[in-house]
Every structure is written in structure tokens, then in C-alpha cells.
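To keep things clear, I will list the structure first and then write my remarks on it.
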Amino acid sequence: MGATADESLAHLPEDVEAAPAPVADPAAEEAAIEEAMRLLKAEDLDLQGRIEGVRTIVDRHPNRAEGWAALGELRMQAGSDEAALMAFERALQRDPTLHSAWYWTGILKKRGQRDLPGALEAFRQARAHGAPEAVQLNEIAVTLAQLGRMREAYRSWVEALAVSPDWGVLHANALKAALSLGMEDAARGHFESSLKAERFEDQAVLMWGDFLLRSGRKADARKAYELGLERSPESFRIRYYLATVLADEKRKDAALAHFRQVSREARVAGDRETAYIAEKGLFALEHPADLKKLVEAENLLVTVSDDPVKGRKSVEKAVGILTPLIEKHPQLWEARLFRGQGRRMLGESAHARLDFEAVLEAVPDQPNALMNMAMAYRDQRNYYKQVEFARKAVEAAPRDPTILANAGFVLLDADWCEEAAEMLARADAALPAGVQGDPLAPLADAIRTRCGP
């Protein structure tokens, strides 16, 4: 039986010091390493089969760093980070100049901020041993920024730009760092340079435009978006922000034209989220009174009174506002989402599910609709379905602390204690800095009560 992708470290071949390798035929050894490289790149083949093939080669030729490095990369693809790190460490024991092993070691140590100082050293070693310089300088800068050493990070990005001035990502990263350091003139320079870069990155335009908007310079922001759109007419993200500025300036016809184009192009690109917010921009311009009703209904649901009678009346009023809106604008799935939430609060779980299902027909990975489906099934004590939809919601929004916490409650209710505790840990890690109080305390208390310490 083949090994699974999460195979334990114990199944890796022992180090050469513990089990000396037999003397190999040089020609056979080179052929084996070439086969390892082929398996590493053979993305059309089964991943587990590729791992098994390279592991067999490493078993037979444990002194070859390239084989260990290939095994490490494949284990990364399988999500076995610890095993991948061990493989890269063994590759570097055999050849400390193998820059690919240093690079991937840095990536793994940076992931989840596991070992940022170690990642920084790995990227520096990769650069010293001949890895593509701009790539390593960018990774060094990102790691320095994560360590809070922003001025050093900025210098590293500037150094990378000297090597690769046409790489737009570097301009965007340097611009962001310059803004964080209060270096507006430098940030403007990076924005202007980004427009000339062969590998253009629209994020530089979006960050500069956002900075100008937050600084109260609306006309300058519009000009920045217009310049960005001249450079990259296919960027529907830049076009969307230009449309929002035009709408704010009461230039309705121009804004409508841009919103419509964003909606079309985003849907063709499969970016449903951008398409929807563009359509919401259209809705706001074409139906301002109805948008006001939608916002009123949402506020009624969010600010429900603790008094049972008053609270029920608020929810009933919200549902009463939303129903004619849905009849008038059946494509407005947000109204269905709110009505489903209201119906659930009124104890009408079966009707609520119909609304959530309609949302998911329009937007299959809408995380709030998925989570509300989970809770509606929980209301009906359908443990299998509540767990299924809670997991789908987390998959759709893996870094949303509210989704993660609600998933924890749903999983806990179905006695999935370990997974509920995992959701608690992930929600805690995803909470933004500066959050007041302990919003996750109810989930933590519930887990202790139900599952023990």
C-alpha cells in the first residue's frame, strides 16, 4: 500500500551517518537524479506516486543533495511542511551551496511566521550561493517587514529594484513600505516608476490611490486611477476604484459605464467578489432609495433589542422591508441573505434555508450564507449537515475570525471537540490587533465545559 501524503517523519530514509550508502555506479546515480528532477516537474502525475518515486531514489542515493531537495519540494506540495524541512536540511548537509534548498527552507520558516530569523538567514544564504538576486532580496525584505524592521526592508526593496526595475511587485512593495515610513515623495516615485515597469502590478496604483483618498485628495486619486487605467486598460480592479471616485464626484454616467464594464470583465475572469461589489455600485446609483431600505433592514437585524417583544418586532420589520426588495430585485442576493438571517431569528429555519440556498445558487462560496446554512441545520438538529456547511464556510473564509468562531460553536454542538478547539485557535490568530475585550471567551468557555481542559 502506498504511503499517504501526511506520512510521518519516521518513514523518511535514515541519514547517511546512520546507514552508510553502498557505493553507487556514477552513471546510474546521475540517471537516478535526472529521474528525480523529472518527477519533481511532472505535475500531470499523481503527487503521492511522485513522492514515492523520489523517496526510492533518495533511499538508493542518500548522498545526493539534489534528491533530498526534490523530495522536500514534493513534500511541500503535499502539505507536509515538517517532513519537507527535514529533507531540505539533509540536502544542505550534503551541499551547503544548493541555493534552491536554502530558498525553500526560508519559505517554510517564514510561513506562519514559524521562524522569521531563520527564514531571513536562509534567504541570505540562497542569495550568497547564486539564487536569483531580485527574488531573494524581495523575500529578505518581506521577512524584515514581518520582523518590524521596515526601514531595512525598504532598503532591500530599493536594492532589488536596482537589479530588476521592471518587476512591478517590487515597486508595489517598496511603495507600501515608503508609505508606512512616512516617505510620501519616495512613494510617489515608486508609483510613477510602476507605471513604466514592463511587468506592471496594479496593486501599486491601488495603494497610492487609497493613500491619496485617505489624505483627502480625491482629484489626485482619480488622476492616479486614470493613469493606472491608461497603463493597464484590462485592470478591472483599477477601473472599479475609478468608478467609485467618479460616483462620489456625482459624475453618474461615467461611473455607471465603468461599473458595468467592471461587472462584465470580472465575471469573465471568474472574480465574483469584484463583480458583485461593482453591481452593488450600480445598484446604489440606479436605485438609491432601495439601497437605503436595504441598509435600514441590515441595521434592524444588527441592533436587535434585548427585550424579546421589541427584538421580534425589529426583526419582523426588517423581513417586511426585505421581501418586496427581493421581489423587485431578485438578483440582489444580499437582501436574501439578510432575510434568511431574519427568518432564522424568528424561528423559521426551513424558510431561512430557502433564502440561504438562493444566495448560494448565485454565489456558491459566499461564507456568510454557508455559515448561516450550518446554523439553520443546527437549529433542526441535523448534525451531519451543520458540520458539512461549517467546514465549507471556513474553507471559503479561512482567515475570518467571526466565521471561524461560529464554526467552532457549530462543530462543538456536534461533539467535534478537537476541531472546535482548532477553530478557536485559528480565530484567535486571525483577530486584528487592538480588539477590545475577549470576544472569543464564550467559545473557549463552551469548549472547556463540553470537552474538558
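By order in the C-alpha cells, chains are A, B, ...; within a chain, residues start at 1; ligands start at 1, following the order shown.
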Looking only at helix (DSSP H, G or I) from DSSP on the backbone, list the matching residues of stretch 131-267 of chain A as an NGL selection string. :A and (133-146 or 150-163 or 168-180 or 184-196 or 202-214 or 218-231 or 236-248 or 252-267)
Could you give me, as a ChimeraX atom specification, the residues within 12 Å of A:Gly311, counting only C-alpha atoms and dropping anything in the same chain fewer than 3 positions from it? /A:300-308,314-318,342,345-346
From the options A:Leu120, A:Ile326, A:Val54, A:Ala78, which residue's atoms come nearest to A:Leu144, counting only C-alpha atoms?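 Checking each of A:Leu120, A:Ile326, A:Val54, A:Ala78 against A:Leu144, counting only C-alpha atoms, the winner is A:Leu120.
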Non-local contacts of A:Ser164 (9 Å; only C-alpha atoms; under 4 positions in same chain excluded) as a ChimeraX atom specification: /A:133-134,159-160,170
Could you save those same residues with C-alpha atoms as a JSON list (two decimals), in the first residue's frame?
```
[["chain", "number", "residue", "atom", "x", "y", "z"],
["A", 133, "GLU", "CA", 19.06, 38.06, -6.63],
["A", 134, "ALA", "CA", 15.89, 40.12, -7.01],
["A", 159, "GLU", "CA", 18.26, 47.25, -3.85],
["A", 160, "ALA", "CA", 16.05, 44.68, -5.57],
["A", 170, "LEU", "CA", 8.87, 45.31, -6.15]]
```
As a PyMOL selection string, please: the residues near A:Ala397 (cut-off 9 Å, only C-alpha atoms, same-chain neighbours under 3 positions excluded). chain A and resi 365-368+392-394+400-401+403-404
For stretch 103-110 of chain A, list every protein, DNA or RNA residue within 8 Å, evaluated using only C-alpha atoms, and leave out those in the same chain fewer than 5 positions away; present the list as a ChimeraX atom specification. /A:73,81,85,88-89,115-116,118-123,126,131,136,143
Excluding A:Leu206 and residues on its chain fewer than 4 positions from it, collect all residues at most 10 Å away from it, counting only C-alpha atoms, and give them as a PyMOL selection string. chain A and resi 172+191+201-202+210-212+221+224-225+228+237-238+241-242
So how far away is atom CA of A:Leu332 from atom CA of A:Phe259, in Å? 15.8 Å
Skip A:Arg155 itself and residues of its chain fewer than 4 positions away, then list as a PyMOL selection string all residues within 12 Å of it, counting only C-alpha atoms. chain A and resi 137-138+140-142+144-145+149-151+159-162+170+173-175+177-178+181+186
Limited to N, CA and C atoms, could you put the picked residues into a file as a PDB file, in the first residue's frame?
```pdb
ATOM      1  N   LEU A 137      16.170  39.154  -2.587  1.00  0.00           N
ATOM      2  CA  LEU A 137      16.084  40.463  -1.933  1.00  0.00           C
ATOM      3  C   LEU A 137      14.641  40.783  -1.565  1.00  0.00           C
ATOM      4  N   ASN A 138      13.707  40.397  -2.424  1.00  0.00           N
ATOM      5  CA  ASN A 138      12.294  40.611  -2.102  1.00  0.00           C
ATOM      6  C   ASN A 138      11.888  39.794  -0.884  1.00  0.00           C
ATOM      7  N   ILE A 140      13.858  38.653   1.461  1.00  0.00           N
ATOM      8  CA  ILE A 140      14.558  39.245   2.613  1.00  0.00           C
ATOM      9  C   ILE A 140      13.778  40.446   3.117  1.00  0.00           C
ATOM     10  N   ALA A 141      13.325  41.295   2.183  1.00  0.00           N
ATOM     11  CA  ALA A 141      12.583  42.489   2.570  1.00  0.00           C
ATOM     12  C   ALA A 141      11.258  42.136   3.237  1.00  0.00           C
ATOM     13  N   VAL A 142      10.536  41.176   2.669  1.00  0.00           N
ATOM     14  CA  VAL A 142       9.254  40.763   3.263  1.00  0.00           C
ATOM     15  C   VAL A 142       9.473  40.250   4.686  1.00  0.00           C
ATOM     16  N   LEU A 144      12.015  40.944   6.724  1.00  0.00           N
ATOM     17  CA  LEU A 144      12.382  42.078   7.581  1.00  0.00           C
ATOM     18  C   LEU A 144      11.145  42.878   7.980  1.00  0.00           C
ATOM     19  N   ALA A 145      10.230  43.067   7.042  1.00  0.00           N
ATOM     20  CA  ALA A 145       8.997  43.796   7.360  1.00  0.00           C
ATOM     21  C   ALA A 145       8.183  43.038   8.409  1.00  0.00           C
ATOM     22  N   ARG A 149      11.214  45.437  11.019  1.00  0.00           N
ATOM     23  CA  ARG A 149      12.400  46.206  10.635  1.00  0.00           C
ATOM     24  C   ARG A 149      12.153  46.848   9.269  1.00  0.00           C
ATOM     25  N   MET A 150      11.180  47.785   9.245  1.00  0.00           N
ATOM     26  CA  MET A 150      10.659  48.305   7.979  1.00  0.00           C
ATOM     27  C   MET A 150      11.689  49.127   7.211  1.00  0.00           C
ATOM     28  N   ARG A 151      12.509  49.890   7.901  1.00  0.00           N
ATOM     29  CA  ARG A 151      13.490  50.705   7.182  1.00  0.00           C
ATOM     30  C   ARG A 151      14.489  49.802   6.448  1.00  0.00           C
ATOM     31  N   GLU A 159      17.146  48.006  -3.280  1.00  0.00           N
ATOM     32  CA  GLU A 159      18.265  47.247  -3.847  1.00  0.00           C
ATOM     33  C   GLU A 159      17.759  46.265  -4.900  1.00  0.00           C
ATOM     34  N   ALA A 160      16.620  45.622  -4.609  1.00  0.00           N
ATOM     35  CA  ALA A 160      16.049  44.684  -5.571  1.00  0.00           C
ATOM     36  C   ALA A 160      15.623  45.398  -6.848  1.00  0.00           C
ATOM     37  N   LEU A 161      15.080  46.616  -6.709  1.00  0.00           N
ATOM     38  CA  LEU A 161      14.658  47.380  -7.886  1.00  0.00           C
ATOM     39  C   LEU A 161      15.847  47.766  -8.757  1.00  0.00           C
ATOM     40  N   ALA A 162      16.999  47.972  -8.141  1.00  0.00           N
ATOM     41  CA  ALA A 162      18.195  48.269  -8.926  1.00  0.00           C
ATOM     42  C   ALA A 162      18.576  47.077  -9.799  1.00  0.00           C
ATOM     43  N   LEU A 170       7.879  44.595  -6.961  1.00  0.00           N
ATOM     44  CA  LEU A 170       8.865  45.306  -6.147  1.00  0.00           C
ATOM     45  C   LEU A 170       8.465  46.764  -5.960  1.00  0.00           C
ATOM     46  N   ASN A 173       5.634  46.777  -3.383  1.00  0.00           N
ATOM     47  CA  ASN A 173       6.118  46.519  -2.023  1.00  0.00           C
ATOM     48  C   ASN A 173       6.895  47.720  -1.471  1.00  0.00           C
ATOM     49  N   ALA A 174       7.742  48.304  -2.318  1.00  0.00           N
ATOM     50  CA  ALA A 174       8.527  49.464  -1.878  1.00  0.00           C
ATOM     51  C   ALA A 174       7.611  50.651  -1.587  1.00  0.00           C
ATOM     52  N   LEU A 175       6.586  50.821  -2.411  1.00  0.00           N
ATOM     53  CA  LEU A 175       5.635  51.916  -2.190  1.00  0.00           C
ATOM     54  C   LEU A 175       4.941  51.761  -0.834  1.00  0.00           C
ATOM     55  N   ALA A 177       5.995  50.144   1.792  1.00  0.00           N
ATOM     56  CA  ALA A 177       6.959  50.385   2.869  1.00  0.00           C
ATOM     57  C   ALA A 177       7.227  51.877   3.024  1.00  0.00           C
ATOM     58  N   ALA A 178       7.378  52.587   1.903  1.00  0.00           N
ATOM     59  CA  ALA A 178       7.637  54.030   1.967  1.00  0.00           C
ATOM     60  C   ALA A 178       6.490  54.759   2.652  1.00  0.00           C
ATOM     61  N   LEU A 181       6.592  54.374   6.329  1.00  0.00           N
ATOM     62  CA  LEU A 181       7.679  55.152   6.927  1.00  0.00           C
ATOM     63  C   LEU A 181       7.457  56.665   6.802  1.00  0.00           C
ATOM     64  N   ALA A 186       8.999  59.496  -1.797  1.00  0.00           N
ATOM     65  CA  ALA A 186       9.534  58.222  -2.290  1.00  0.00           C
ATOM     66  C   ALA A 186       8.402  57.332  -2.801  1.00  0.00           C
TER      67      ALA A 186
END
```
Expressed in Å, the length from atom CA of A:Gln125 to atom CA of A:Asp166 is 24.6 Å
Separation of atom CA of A:Ala275 from atom CA of A:His329 in Å: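 Between atom CA of A:His329 and atom CA of A:Ala275 the gap is 16.5 Å.
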